[in-house]
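Below is one structure; the comments refer to it alone.
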Amino acid sequence: MTALADVVAFACLLAGAALCLTAGLGLVRFPDVLSRMHAGTKPQVLGVLLVMVGAAIRLDGWANAWMLLLVAAFQMLTAPVSAHLISRVAYRRRHVRRDLLLVDEFAGTGHQDRVYEGDEPGDAPPENPAVRPGG
């Protein structure tokens, strides 16, 4: 291993750890589900990829590199899908601060119930209290 490779590996590991730390701090700091979901997926995926690159540079052998590549591929495949599903459920359950949304593509689509506008729990109060369910 050359000194240049060690420096590059150290820089990748340090940057990846810093991004993973910012993702964790964003999960604690941000106010709503969508912001937390964004903070938990975007910098975390890049942080894990940088850690994998740094580890691949530092470790010897193709077996280690292929294992790290497999971990990185699974991370890139599962993080966006889970973030999409979390945001979709949060929107439907009205756990989203709609005042923070810049664009709400689902508002006013006409495909919603008159009273309940999502698949919220049965004991949730309706958004329009003048209209009663079943009446």
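Ordering of the structure tokens sets the chain letters (A, B, ...), residue numbers begin anew at 1 in every chain, and ligands are numbered from 1 in the order given.
Within 10 Å of Val45 of chain A, once only C-alpha atoms are used and residues closer than 5 positions along the same chain are dropped, the contacting residues are Gly16, Leu19, Cys20, Ala23, Gly40, Leu50, Val51, Ala72, Gln75, Met76, Thr78, Ala79 and Pro80 of chain A.
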Any chance you can output those residues with C-alpha atoms as a PDB file, in the first residue's frame?
```
ATOM      1  CA  GLY A  16     -18.235   8.935   4.979  1.00  0.00           C
ATOM      2  CA  LEU A  19     -21.930  12.217   6.387  1.00  0.00           C
ATOM      3  CA  CYS A  20     -23.342   9.361   8.462  1.00  0.00           C
ATOM      4  CA  ALA A  23     -27.640  11.933   8.806  1.00  0.00           C
ATOM      5  CA  GLY A  40     -31.822   9.753   6.968  1.00  0.00           C
ATOM      6  CA  LEU A  50     -17.627   6.567   0.854  1.00  0.00           C
ATOM      7  CA  VAL A  51     -16.891   4.216   3.751  1.00  0.00           C
ATOM      8  CA  ALA A  72     -23.038  -0.781  -1.481  1.00  0.00           C
ATOM      9  CA  GLN A  75     -27.691   0.083   0.204  1.00  0.00           C
ATOM     10  CA  MET A  76     -28.364   1.945  -3.025  1.00  0.00           C
ATOM     11  CA  THR A  78     -33.047  -0.379  -0.468  1.00  0.00           C
ATOM     12  CA  ALA A  79     -32.635   3.178   0.856  1.00  0.00           C
ATOM     13  CA  PRO A  80     -34.655   4.968  -1.889  1.00  0.00           C
TER      14      PRO A  80
END
```
So which residues of segment 40-113 of chain A fall under alpha helix (DSSP H) by DSSP, listed as a PyMOL selection string?
chain A and resi 40-58+62-92
Atomic separation - atom CA of Pro43 of chain A relative to atom CA of Asp60 of chain A, Å:
27.0 Å
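Considering the residues A:Leu100, A:Leu85, A:Leu21, A:Leu4 and counting only C-alpha atoms, Leu46 of chain A has its shortest atom-to-atom contact with A:Leu21.
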Please report the interatomic distance between atom CA of Met37 of chain A and atom CA of Ala65 of chain A in Å with one decimal.
29.4 Å
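Distance annotation: of A:Val8, A:Asp32, A:Thr22, A:Leu49, the residue with the minimal separation from Ala90 of chain A is A:Asp32; atom set is only C-alpha atoms.
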